[in-house]
Structures are given as structure tokens and as C-alpha cells.
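Enquirer: File final_32.cif follows (mmCIF, C-alpha atoms):
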```cif
data_target
loop_
_atom_site.label_atom_id
_atom_site.label_comp_id
_atom_site.auth_asym_id
_atom_site.auth_seq_id
_atom_site.Cartn_x
_atom_site.Cartn_y
_atom_site.Cartn_z
CA MET A 1 39.60 -17.17 158.37
CA GLU A 2 43.28 -16.29 158.87
CA LYS A 3 43.19 -13.83 155.96
CA GLY A 4 40.16 -12.14 157.48
CA ILE A 5 41.92 -11.75 160.83
CA LYS A 6 45.03 -10.27 159.16
CA LYS A 7 42.88 -7.89 157.12
CA SER A 8 41.01 -6.79 160.22
CA LEU A 9 44.29 -6.32 162.12
CA TRP A 10 45.77 -4.28 159.25
CA LYS A 11 42.71 -2.02 159.16
CA SER A 12 42.90 -1.55 162.91
CA GLN A 13 46.61 -0.60 162.79
CA THR A 14 46.03 1.74 159.83
CA GLY A 15 43.18 3.43 161.68
CA ASP A 16 45.37 3.89 164.78
CA LYS A 17 48.13 5.45 162.69
CA ILE A 18 45.70 7.84 161.00
CA PHE A 19 44.23 8.79 164.37
CA ALA A 20 47.73 9.39 165.81
CA VAL A 21 48.69 11.59 162.85
CA ALA A 22 45.42 13.52 163.21
CA LEU A 23 46.24 14.21 166.88
CA MET A 24 49.72 15.42 165.92
CA ILE A 25 48.54 17.83 163.20
CA PRO A 26 47.69 20.76 165.60
CA ALA A 27 51.09 20.43 167.30
CA ILE A 28 52.89 20.28 163.95
CA ILE A 29 51.03 23.34 162.62
CA THR A 30 51.76 25.28 165.83
CA THR A 31 55.45 24.33 165.80
CA VAL A 32 55.92 25.24 162.15
CA SER A 33 53.94 28.50 162.38
CA PHE A 34 55.26 29.89 165.65
CA ILE A 35 58.75 28.35 165.94
CA LEU A 36 60.25 27.17 162.65
CA VAL A 37 58.96 29.98 160.43
CA PRO A 38 60.07 32.81 162.79
CA VAL A 39 63.47 31.17 163.28
CA VAL A 40 64.05 30.79 159.53
CA ASP A 41 62.82 34.36 158.92
CA SER A 42 65.17 35.70 161.62
CA ILE A 43 68.16 33.88 160.14
CA TYR A 44 67.24 35.15 156.66
CA ARG A 45 66.95 38.79 157.79
CA SER A 46 70.28 38.62 159.64
CA PHE A 47 72.04 38.81 156.26
CA PHE A 48 70.22 41.98 155.19
CA ASP A 49 70.20 45.66 156.01
CA TYR A 50 66.69 45.69 157.47
CA LYS A 51 65.50 48.63 159.55
CA VAL A 52 62.31 50.47 160.53
CA ARG A 53 62.15 52.26 157.19
CA ASN A 54 61.85 48.89 155.45
CA ILE A 55 58.84 48.00 157.57
CA ILE A 56 57.17 51.39 157.03
CA SER A 57 57.79 51.47 153.29
CA GLY A 58 57.21 47.76 152.79
CA GLN A 59 60.51 47.43 150.95
CA PRO A 60 62.63 44.30 151.36
CA GLY A 61 66.02 44.45 153.02
CA VAL A 62 69.26 44.86 151.08
CA TRP A 63 71.92 42.14 151.13
CA ASN A 64 74.92 43.58 153.01
CA ASN A 65 77.60 40.87 152.64
CA PHE A 66 77.54 39.68 156.28
CA ALA A 67 78.00 43.26 157.52
CA ASN A 68 75.68 42.65 160.48
CA TYR A 69 77.97 39.93 161.78
CA THR A 70 81.26 41.67 161.04
CA LYS A 71 80.11 44.90 162.75
CA LEU A 72 79.08 43.02 165.88
CA PHE A 73 82.51 41.42 166.14
CA SER A 74 84.44 44.57 165.19
CA ASN A 75 82.63 46.96 167.54
CA GLY A 76 83.32 44.75 170.56
CA LYS A 77 79.68 44.14 171.49
CA LEU A 78 79.23 40.46 170.69
CA ILE A 79 82.14 38.76 172.49
CA PRO A 80 81.48 40.39 175.93
CA SER A 81 77.77 39.55 175.69
CA MET A 82 78.61 35.94 174.80
CA THR A 83 80.98 35.76 177.79
CA ASN A 84 78.37 37.23 180.13
CA THR A 85 75.74 34.80 178.84
CA LEU A 86 77.94 31.74 179.30
CA ALA A 87 79.11 32.87 182.75
CA PHE A 88 75.51 33.43 183.86
CA VAL A 89 74.25 30.14 182.42
CA PHE A 90 76.99 27.94 183.85
CA GLY A 91 76.99 29.69 187.23
CA VAL A 92 73.22 29.51 187.71
CA VAL A 93 72.86 25.97 186.34
CA ILE A 94 75.58 24.56 188.63
CA ALA A 95 74.32 26.43 191.70
CA GLN A 96 70.73 25.47 190.92
CA PHE A 97 71.58 21.78 190.65
CA VAL A 98 73.66 21.74 193.86
CA LEU A 99 71.14 23.68 195.95
CA GLY A 100 68.16 21.89 194.37
CA MET A 101 69.68 18.48 195.09
CA ALA A 102 70.48 19.51 198.68
CA LEU A 103 66.89 20.66 199.25
CA ALA A 104 65.53 17.51 197.59
CA LEU A 105 67.62 15.29 199.89
CA ILE A 106 66.40 17.23 202.93
CA LEU A 107 62.75 17.06 201.89
CA ASN A 108 63.11 13.36 201.03
CA SER A 109 64.18 12.62 204.62
CA ASN A 110 61.92 12.53 207.66
CA VAL A 111 62.24 16.25 208.34
CA LYS A 112 59.24 17.86 210.01
CA PHE A 113 56.79 19.92 207.96
CA SER A 114 58.28 18.57 204.71
CA ARG A 115 54.85 18.44 203.03
CA PHE A 116 54.12 22.02 204.05
CA ILE A 117 57.50 23.15 202.74
CA ARG A 118 56.86 21.36 199.44
CA SER A 119 53.58 23.20 199.02
CA ILE A 120 54.89 26.72 199.69
CA MET A 121 58.28 26.36 197.99
CA MET A 122 56.66 26.60 194.55
CA VAL A 123 55.49 30.16 195.18
CA PRO A 124 58.65 31.78 193.71
CA TRP A 125 58.33 29.66 190.58
CA VAL A 126 54.67 30.64 190.12
CA VAL A 127 55.43 34.37 190.44
CA PRO A 128 55.95 35.96 186.97
CA THR A 129 59.59 36.62 186.13
CA LEU A 130 58.95 40.35 185.72
CA ILE A 131 57.48 40.55 189.22
CA SER A 132 60.43 38.56 190.59
CA GLY A 133 62.79 41.07 189.03
CA LEU A 134 60.93 44.00 190.58
CA VAL A 135 60.90 42.32 194.02
CA TRP A 136 64.65 41.71 193.96
CA LEU A 137 65.29 45.16 192.53
CA TRP A 138 63.58 46.57 195.60
CA MET A 139 65.45 44.20 197.95
CA PHE A 140 68.81 45.26 196.46
CA GLN A 141 67.91 48.95 196.49
CA PRO A 142 71.04 50.77 197.79
CA GLN A 143 69.23 53.33 199.98
CA TYR A 144 66.38 51.45 201.66
CA GLY A 145 66.57 47.88 200.36
CA LEU A 146 66.02 44.90 202.64
CA VAL A 147 69.43 43.40 201.84
CA LYS A 148 71.19 46.65 202.77
CA TYR A 149 69.21 46.73 206.02
CA PHE A 150 70.32 43.22 207.03
CA VAL A 151 73.92 43.90 205.99
CA GLY A 152 73.86 46.98 208.21
CA ILE A 153 72.61 44.90 211.14
CA LEU A 154 75.17 42.11 210.63
CA THR A 155 78.07 44.56 210.29
CA LYS A 156 76.75 46.80 213.08
CA GLY A 157 76.57 49.77 210.73
CA ARG A 158 80.15 49.52 209.48
CA ILE A 159 78.97 48.93 205.87
CA THR A 160 76.74 51.73 204.65
CA ASP A 161 77.31 51.56 200.88
CA PHE A 162 75.95 48.20 199.71
CA ALA A 163 74.75 48.51 196.11
CA ILE A 164 75.04 45.11 194.43
CA LEU A 165 73.31 46.06 191.19
CA ASN A 166 75.22 49.33 190.83
CA ASN A 167 78.64 47.66 190.95
CA PRO A 168 79.92 46.06 187.71
CA ALA A 169 81.74 43.41 189.76
CA THR A 170 78.64 42.24 191.65
CA ALA A 171 75.68 43.07 189.37
CA MET A 172 75.74 39.67 187.65
CA PHE A 173 75.73 37.99 191.07
CA GLY A 174 72.63 39.96 192.05
CA VAL A 175 70.72 38.88 188.95
CA SER A 176 71.91 35.29 189.47
CA VAL A 177 70.48 35.29 193.00
CA ALA A 178 67.10 36.40 191.65
CA ALA A 179 67.24 33.69 188.96
CA LEU A 180 68.09 31.01 191.54
CA TRP A 181 65.29 32.15 193.84
CA LYS A 182 62.80 31.60 191.05
CA GLN A 183 64.21 28.44 189.47
CA ILE A 184 65.38 26.32 192.43
CA PRO A 185 61.82 25.26 193.48
CA LEU A 186 61.08 23.52 190.17
CA ALA A 187 64.51 21.86 190.08
CA THR A 188 64.00 20.66 193.66
CA LEU A 189 60.59 19.22 192.82
CA LEU A 190 61.93 17.36 189.77
CA LEU A 191 64.91 15.97 191.68
CA LEU A 192 62.64 15.03 194.56
CA ALA A 193 60.53 12.99 192.14
CA GLY A 194 63.72 11.29 190.96
CA LEU A 195 64.72 10.44 194.52
CA ALA A 196 61.39 8.69 194.99
CA ASN A 197 62.39 6.21 192.26
CA VAL A 198 65.64 5.17 193.95
CA PRO A 199 65.03 1.66 195.41
CA GLU A 200 65.29 1.58 199.18
CA ASP A 201 66.45 -2.04 199.24
CA MET A 202 69.56 -1.12 197.22
CA GLN A 203 70.48 1.57 199.72
CA GLU A 204 69.81 -0.74 202.67
CA ALA A 205 72.00 -3.44 201.13
CA ALA A 206 74.80 -0.96 200.55
CA LYS A 207 74.45 0.30 204.12
CA ILE A 208 74.75 -3.25 205.45
CA ASP A 209 77.86 -3.74 203.31
CA GLY A 210 79.46 -0.76 205.05
CA ALA A 211 78.91 2.01 202.53
CA ASN A 212 78.57 5.46 204.11
CA GLY A 213 76.13 8.16 203.06
CA VAL A 214 78.46 9.80 200.54
CA GLN A 215 79.25 6.47 198.87
CA ARG A 216 75.58 5.54 198.66
CA PHE A 217 74.78 8.92 197.14
CA PHE A 218 77.38 8.71 194.36
CA ARG A 219 77.18 4.95 193.71
CA ILE A 220 73.42 4.36 193.99
CA VAL A 221 71.34 7.55 194.17
CA LEU A 222 72.93 9.51 191.30
CA PRO A 223 73.03 6.59 188.81
CA TYR A 224 69.32 5.91 189.36
CA MET A 225 68.55 9.62 188.88
CA LYS A 226 70.49 10.15 185.63
CA SER A 227 67.42 10.56 183.44
CA VAL A 228 65.82 13.07 185.83
CA ILE A 229 69.09 14.98 186.23
CA LYS A 230 69.54 15.14 182.46
CA VAL A 231 66.07 16.64 181.94
CA THR A 232 66.39 19.04 184.88
CA VAL A 233 69.77 20.42 183.83
CA SER A 234 68.75 20.64 180.15
CA MET A 235 65.68 22.68 181.09
CA SER A 236 67.83 24.93 183.28
CA ILE A 237 70.37 25.54 180.48
CA ILE A 238 67.68 26.52 178.00
CA GLU A 239 65.78 28.65 180.53
CA ASN A 240 68.87 30.66 181.50
CA PHE A 241 70.12 31.06 177.95
CA LYS A 242 66.90 32.87 177.03
CA GLN A 243 66.70 34.86 180.27
CA PHE A 244 65.69 38.43 179.45
CA PRO A 245 63.08 39.85 181.89
CA LEU A 246 65.31 39.66 184.99
CA PHE A 247 68.23 41.41 183.30
CA TRP A 248 66.13 44.10 181.67
CA THR A 249 64.11 44.77 184.84
CA MET A 250 66.98 44.72 187.34
CA THR A 251 69.95 46.21 185.46
CA GLY A 252 69.00 46.92 181.82
CA GLY A 253 72.33 45.38 180.86
CA GLY A 254 74.39 47.70 183.07
CA PRO A 255 76.29 48.96 184.86
CA ASN A 256 78.97 49.45 182.23
CA ASN A 257 77.52 46.54 180.18
CA SER A 258 78.55 44.08 182.92
CA THR A 259 75.18 42.28 182.61
CA THR A 260 74.64 42.70 178.88
CA THR A 261 73.82 39.19 177.71
CA MET A 262 72.89 38.01 174.22
CA ALA A 263 69.22 38.59 175.03
CA ILE A 264 69.86 42.19 176.07
CA LEU A 265 72.13 42.86 173.08
CA SER A 266 69.56 41.45 170.67
CA TYR A 267 66.84 43.69 172.13
CA ARG A 268 69.07 46.78 172.00
CA GLU A 269 70.12 46.19 168.40
CA ALA A 270 66.58 45.48 167.17
CA PHE A 271 64.35 47.79 169.24
CA VAL A 272 66.64 50.48 170.65
CA SER A 273 68.90 51.00 167.64
CA ASN A 274 66.03 50.01 165.30
CA ASN A 275 68.38 47.77 163.34
CA PHE A 276 66.38 44.58 162.93
CA GLY A 277 68.98 42.94 160.71
CA SER A 278 71.66 43.35 163.39
CA GLY A 279 69.23 42.15 166.07
CA ALA A 280 68.48 39.08 163.97
CA ALA A 281 72.23 38.43 163.62
CA VAL A 282 72.64 38.49 167.41
CA THR A 283 69.67 36.15 167.79
CA THR A 284 71.16 33.74 165.24
CA VAL A 285 74.52 33.59 167.06
CA TRP A 286 72.67 33.31 170.37
CA MET A 287 70.59 30.36 169.12
CA LEU A 288 73.62 28.57 167.66
CA MET A 289 75.52 29.01 170.91
CA MET A 290 72.64 27.52 172.91
CA ILE A 291 72.34 24.57 170.49
CA ILE A 292 76.08 23.87 170.75
CA VAL A 293 76.06 23.97 174.55
CA VAL A 294 73.02 21.67 174.80
CA TYR A 295 74.53 19.31 172.21
CA ILE A 296 77.84 19.09 174.09
CA TYR A 297 75.99 18.51 177.35
CA ASN A 298 73.91 15.71 175.83
CA ARG A 299 77.02 14.12 174.31
CA ILE A 300 78.79 14.17 177.67
CA PHE A 301 75.77 12.66 179.38
CA LYS A 302 75.49 10.02 176.66
CA SER A 303 79.17 9.07 176.96
CA GLU A 304 78.76 8.59 180.71
CA ASP A 305 75.90 6.15 180.08
CA MET A 306 78.00 3.98 177.76
#
```
Taking this structure as input, can you express it in the form of C-alpha cells?

Expert:
Amino acid sequence: MEKGIKKSLWKSQTGDKIFAVALMIPAIITTVSFILVPVVDSIYRSFFDYKVRNIISGQPGVWNNFANYTKLFSNGKLIPSMTNTLAFVFGVVIAQFVLGMALALILNSNVKFSRFIRSIMMVPWVVPTLISGLVWLWMFQPQYGLVKYFVGILTKGRITDFAILNNPATAMFGVSVAALWKQIPLATLLLLAGLANVPEDMQEAAKIDGANGVQRFFRIVLPYMKSVIKVTVSMSIIENFKQFPLFWTMTGGGPNNSTTTMAILSYREAFVSNNFGSGAAVTTVWMLMMIIVVYIYNRIFKSEDM
């Protein structure tokens, strides 16, 4: 009797494992076909002289002894684009977390029309990134843009030349504002969901013990939200590392290459200069840089949990 039960249990577990593997097969095939294979192919081609003529003639690329990488470093294109990428990512991620958390705390309180605000605040996130870029490009337009109009009103006409995207010192800020406008709603929603999991009795007990709002936030709220914060910030880092449509739509990498990120440089090398090997080299460095940043972030978060 006992042997029969064990045999039946073993068959049941084996069947569940087979069923689970069968459900995973489509995801595995999709991941390998559309992520792993292109990534490996891109890394492989980054070591070759591979241009349009190779595609037209069907000839394989020629090994060029890491020339794609050495040229990018020697011609001064790669380091500035890496700096711009890191500055954009860290600036937007920090601002997004601070503003998203502030909005989440406000919406989590008893503020009026909070449900209505929650429903309409997702509109920027739903709008396609390309459309967002065009909207903000129009708003920052130096002749008739909405931002210039309001600046003129606030300064009573004293400032007439207000071209954010045309100034190398402020162009990155303009693109960052557009990125925040689109990304803050999702971050707020995720953080708001995390706030809902913070136990009220813990906060009430701390309040009775004399803890003020700031102390309760840092000692109770944030520790209970660590998992949500980790996911939210990780998503933001990855999203902004691969940001291309906003930059290409709003500035095209200019003015004076002040907004040329790794995404823009990769596109220029591959599809403007028609040097696919060099574009693949930029993409490889870009991917490694993103992996390193995410890894360091996860290590820091893990060390704080210990």
C-alpha cells in the first residue's frame, strides 16, 4: 500500500515537472532566439570589419585586431558618450525616485481626489516615447514653445531667448525633464503599492513612542519597502540606459554632441556611418556598462540587507 502511494506521488511530481518545463519552452525559445542570439552575434561582429558591402555581397567580415574598439577610444567618441549616458541615468533615476516617492506619499494620504489623480497620472506613461519626445520638442521650441511663453510671463518679458535644447549646457536637462514626465507615473504607482504593505500598527506604535514623521519614514516605511524600491530603481536604471527615442527625437545627440549617449553613438556608427562592426562595438561596451552598474547596485542593496 505504501509503495503504491509513493509510486503515485512520484508520478504526480514527475508529471508536474514535465508540465512546468512544457510551459517554459516558449519563453526559453523566445529568449534564446530574440535576445541571446542577437547579443552573441553583436559581440562577435564587434571584432570584425563589417559594413554594408558585406551585407550586399554576402561576404563575412574581416578580423581587424580590435580596431573597432581602439578607434572609438582614440577618436574621442566613446568616453564622452559614456559620461553623458551615466550622467543621464544617475540624474534621472535619483530624481525619479525622489519625486515618485513624494507623489506616492501624497497619494497614500487622505488627500482629496487621490483616486482620480491615480487614474489620470498614468497617461504620460501610456503615451509612446516618440510622441512624448515630439510633445516636449514643441514645448521647448525657442520661438513659440509653451515653456518660452511661461518664462516670458514670469520674467515679464525680460528673457526672450530661452532655447533649452539648443544650448549644450541645458540640452541634457531638457531631455531629462521629458524622461521624468514619462517615467515618474509608473514609479509612483509601484512605490504606492509598496506603501500599502507598510503595517499601520507599526507606525502607530512608533508615533506613540514619540517618533516624528521623518523618523517613521526612515526607520519603518523604507525598510518595509526595500523589495519594491529595489525593483523600481532597477527598472529605471535599465530603462534609462537604453533610452534612444527621446534623444534622437528631441536633439539627435546635439548640440555639439552634448546629448550623444551610447544609444545615439551606436546608431550613428551602425546606420549613419554604415559601419556595423563599430556600431556593434559600441553596443557591446554599452551593454557591459549597464551590467556593471546594475550589478554594483544589486550588491549595494544586498549588503544593506545583511

Enquirer: Looking at A:Ile106, A:Val127, A:Ile79, A:Val175, which one is nearest to A:Phe244, with distances taken over all atoms listed in the file?

Expert: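 Ranking A:Ile106, A:Val127, A:Ile79, A:Val175 by distance to A:Phe244, first place goes to A:Val175.
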
Enquirer: Box time for stretch 283-299 of chain A: axis-aligned, enclosing all its listed atoms, 6 Å extra on each side; report centre and edge lengths in Å to one decimal, as AutoDock Vina command-line options.

Expert:
```
--center_x 73.8 --center_y 25.1 --center_z 171.3 --size_x 20.2 --size_y 34.0 --size_z 24.1
```

Enquirer: Any chance you could resolve the PyMOL selection byres ((chain A and resi 162) around 12) against this file and give the residues as an MDAnalysis selection string?

Expert: chainID A and resid 139:152 155 157:161 163:167 170:171 174

Enquirer: Could you dump the residues just selected with C-alpha atoms as a compact mmCIF listing (two decimals), in the frame of the given file?

Expert:
```txt
# COMPACT_ATOMS: atom_id res chain seq x y z
CA MET A 139 65.45 44.20 197.95
CA PHE A 140 68.81 45.26 196.46
CA GLN A 141 67.91 48.95 196.49
CA PRO A 142 71.04 50.77 197.79
CA GLN A 143 69.23 53.33 199.98
CA TYR A 144 66.38 51.45 201.66
CA GLY A 145 66.57 47.88 200.36
CA LEU A 146 66.02 44.90 202.64
CA VAL A 147 69.43 43.40 201.84
CA LYS A 148 71.19 46.65 202.77
CA TYR A 149 69.21 46.73 206.02
CA PHE A 150 70.32 43.22 207.03
CA VAL A 151 73.92 43.90 205.99
CA GLY A 152 73.86 46.98 208.21
CA THR A 155 78.07 44.56 210.29
CA GLY A 157 76.57 49.77 210.73
CA ARG A 158 80.15 49.52 209.48
CA ILE A 159 78.97 48.93 205.87
CA THR A 160 76.74 51.73 204.65
CA ASP A 161 77.31 51.56 200.88
CA ALA A 163 74.75 48.51 196.11
CA ILE A 164 75.04 45.11 194.43
CA LEU A 165 73.31 46.06 191.19
CA ASN A 166 75.22 49.33 190.83
CA ASN A 167 78.64 47.66 190.95
CA THR A 170 78.64 42.24 191.65
CA ALA A 171 75.68 43.07 189.37
CA GLY A 174 72.63 39.96 192.05
```

Enquirer: Output the residue selection produced by the PyMOL selection byres ((chain A and resi 32-41) around 12) on the file above, formatted as a ChimeraX atom specification.

Expert: /A:25-31,42-48,276-277,280-281,283-288

Enquirer: May I ask for the distance between atom CA of A:Asn197 and atom CA of A:Val231, given in Å to one decimal place?

Expert: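 Atom-to-atom, atom CA of A:Asn197 to atom CA of A:Val231, that is 15.1 Å.
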
Enquirer: Go through the shown structure with the PyMOL selection byres ((chain A and resi 241) around 8) and write out the matching residues as a list of chain:residue names.

Expert: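 For this structure, the PyMOL selection byres ((chain A and resi 241) around 8) resolves to A:Thr85, A:Leu86, A:Val89, A:Ile237, A:Ile238, A:Glu239, A:Asn240, A:Lys242, A:Gln243, A:Met290.
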
Enquirer: Just stretch 135-169 of chain A from the block, N, CA and C atoms, as a JSON list (two decimals), in the first residue's frame, could you?

Expert:
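Ended up saving to decode.json:
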```json
[["chain", "number", "residue", "atom", "x", "y", "z"],
["A", 135, "VAL", "N", 6.15, 65.99, -28.28],
["A", 135, "VAL", "CA", 5.40, 66.94, -27.44],
["A", 135, "VAL", "C", 6.35, 67.88, -26.73],
["A", 136, "TRP", "N", 7.40, 67.33, -26.11],
["A", 136, "TRP", "CA", 8.35, 68.17, -25.38],
["A", 136, "TRP", "C", 9.23, 68.97, -26.33],
["A", 137, "LEU", "N", 9.48, 68.48, -27.51],
["A", 137, "LEU", "CA", 10.21, 69.25, -28.51],
["A", 137, "LEU", "C", 9.43, 70.50, -28.87],
["A", 138, "TRP", "N", 8.11, 70.35, -28.99],
["A", 138, "TRP", "CA", 7.27, 71.51, -29.27],
["A", 138, "TRP", "C", 7.22, 72.45, -28.07],
["A", 139, "MET", "N", 7.14, 71.92, -26.86],
["A", 139, "MET", "CA", 7.06, 72.76, -25.66],
["A", 139, "MET", "C", 8.35, 73.55, -25.45],
["A", 140, "PHE", "N", 9.49, 72.98, -25.83],
["A", 140, "PHE", "CA", 10.77, 73.66, -25.67],
["A", 140, "PHE", "C", 11.15, 74.49, -26.89],
["A", 141, "GLN", "N", 10.28, 74.56, -27.88],
["A", 141, "GLN", "CA", 10.59, 75.28, -29.11],
["A", 141, "GLN", "C", 10.97, 76.73, -28.78],
["A", 142, "PRO", "N", 12.12, 77.23, -29.27],
["A", 142, "PRO", "CA", 12.62, 78.54, -28.82],
["A", 142, "PRO", "C", 11.83, 79.74, -29.32],
["A", 143, "GLN", "N", 11.04, 79.59, -30.40],
["A", 143, "GLN", "CA", 10.29, 80.73, -30.92],
["A", 143, "GLN", "C", 8.87, 80.82, -30.34],
["A", 144, "TYR", "N", 8.15, 79.69, -30.34],
["A", 144, "TYR", "CA", 6.75, 79.74, -29.93],
["A", 144, "TYR", "C", 6.40, 78.63, -28.94],
["A", 145, "GLY", "N", 7.37, 78.05, -28.30],
["A", 145, "GLY", "CA", 7.12, 76.96, -27.37],
["A", 145, "GLY", "C", 6.39, 77.41, -26.12],
["A", 146, "LEU", "N", 5.68, 76.49, -25.49],
["A", 146, "LEU", "CA", 4.90, 76.79, -24.29],
["A", 146, "LEU", "C", 5.81, 77.18, -23.12],
["A", 147, "VAL", "N", 6.96, 76.53, -22.99],
["A", 147, "VAL", "CA", 7.88, 76.86, -21.91],
["A", 147, "VAL", "C", 8.41, 78.28, -22.06],
["A", 148, "LYS", "N", 8.77, 78.65, -23.28],
["A", 148, "LYS", "CA", 9.24, 80.02, -23.53],
["A", 148, "LYS", "C", 8.15, 81.03, -23.20],
["A", 149, "TYR", "N", 6.91, 80.69, -23.51],
["A", 149, "TYR", "CA", 5.78, 81.59, -23.23],
["A", 149, "TYR", "C", 5.64, 81.83, -21.73],
["A", 150, "PHE", "N", 5.69, 80.77, -20.94],
["A", 150, "PHE", "CA", 5.56, 80.92, -19.48],
["A", 150, "PHE", "C", 6.77, 81.63, -18.88],
["A", 151, "VAL", "N", 7.96, 81.36, -19.41],
["A", 151, "VAL", "CA", 9.15, 82.06, -18.92],
["A", 151, "VAL", "C", 9.03, 83.56, -19.20],
["A", 152, "GLY", "N", 8.49, 83.90, -20.36],
["A", 152, "GLY", "CA", 8.28, 85.30, -20.69],
["A", 152, "GLY", "C", 7.30, 85.96, -19.74],
["A", 153, "ILE", "N", 6.25, 85.25, -19.35],
["A", 153, "ILE", "CA", 5.27, 85.80, -18.41],
["A", 153, "ILE", "C", 5.89, 85.98, -17.02],
["A", 154, "LEU", "N", 6.61, 84.95, -16.55],
["A", 154, "LEU", "CA", 7.20, 85.01, -15.21],
["A", 154, "LEU", "C", 8.27, 86.08, -15.10],
["A", 155, "THR", "N", 9.02, 86.30, -16.18],
["A", 155, "THR", "CA", 10.08, 87.31, -16.15],
["A", 155, "THR", "C", 9.62, 88.66, -16.70],
["A", 156, "LYS", "N", 8.34, 88.75, -17.02],
["A", 156, "LYS", "CA", 7.75, 89.99, -17.55],
["A", 156, "LYS", "C", 8.47, 90.47, -18.81],
["A", 157, "GLY", "N", 8.82, 89.49, -19.65],
["A", 157, "GLY", "CA", 9.42, 89.80, -20.95],
["A", 157, "GLY", "C", 10.89, 90.09, -20.93],
["A", 158, "ARG", "N", 11.53, 89.97, -19.76],
["A", 158, "ARG", "CA", 12.97, 90.26, -19.69],
["A", 158, "ARG", "C", 13.81, 89.17, -20.38],
["A", 159, "ILE", "N", 13.33, 87.91, -20.36],
["A", 159, "ILE", "CA", 14.03, 86.82, -21.02],
["A", 159, "ILE", "C", 13.30, 86.50, -22.32],
["A", 160, "THR", "N", 13.97, 86.73, -23.42],
["A", 160, "THR", "CA", 13.36, 86.47, -24.73],
["A", 160, "THR", "C", 14.02, 85.30, -25.46],
["A", 161, "ASP", "N", 15.25, 84.98, -25.08],
["A", 161, "ASP", "CA", 15.98, 83.88, -25.72],
["A", 161, "ASP", "C", 16.06, 82.72, -24.74],
["A", 162, "PHE", "N", 15.12, 81.78, -24.86],
["A", 162, "PHE", "CA", 15.05, 80.65, -23.93],
["A", 162, "PHE", "C", 14.99, 79.36, -24.75],
["A", 163, "ALA", "N", 16.16, 78.87, -25.15],
["A", 163, "ALA", "CA", 16.23, 77.68, -26.01],
["A", 163, "ALA", "C", 16.99, 76.59, -25.27],
["A", 164, "ILE", "N", 16.28, 75.78, -24.50],
["A", 164, "ILE", "CA", 16.92, 74.76, -23.68],
["A", 164, "ILE", "C", 17.65, 73.73, -24.54],
["A", 165, "LEU", "N", 16.98, 73.24, -25.57],
["A", 165, "LEU", "CA", 17.55, 72.16, -26.37],
["A", 165, "LEU", "C", 18.63, 72.63, -27.33],
["A", 166, "ASN", "N", 18.76, 73.94, -27.53],
["A", 166, "ASN", "CA", 19.78, 74.47, -28.42],
["A", 166, "ASN", "C", 21.06, 74.86, -27.69],
["A", 167, "ASN", "N", 21.04, 74.74, -26.37],
["A", 167, "ASN", "CA", 22.20, 75.11, -25.56],
["A", 167, "ASN", "C", 22.88, 73.85, -25.04],
["A", 168, "PRO", "N", 24.18, 73.65, -25.34],
["A", 168, "PRO", "CA", 24.86, 72.44, -24.87],
["A", 168, "PRO", "C", 24.84, 72.27, -23.36],
["A", 169, "ALA", "N", 24.72, 73.37, -22.62],
["A", 169, "ALA", "CA", 24.74, 73.29, -21.16],
["A", 169, "ALA", "C", 23.40, 72.85, -20.58]]
```
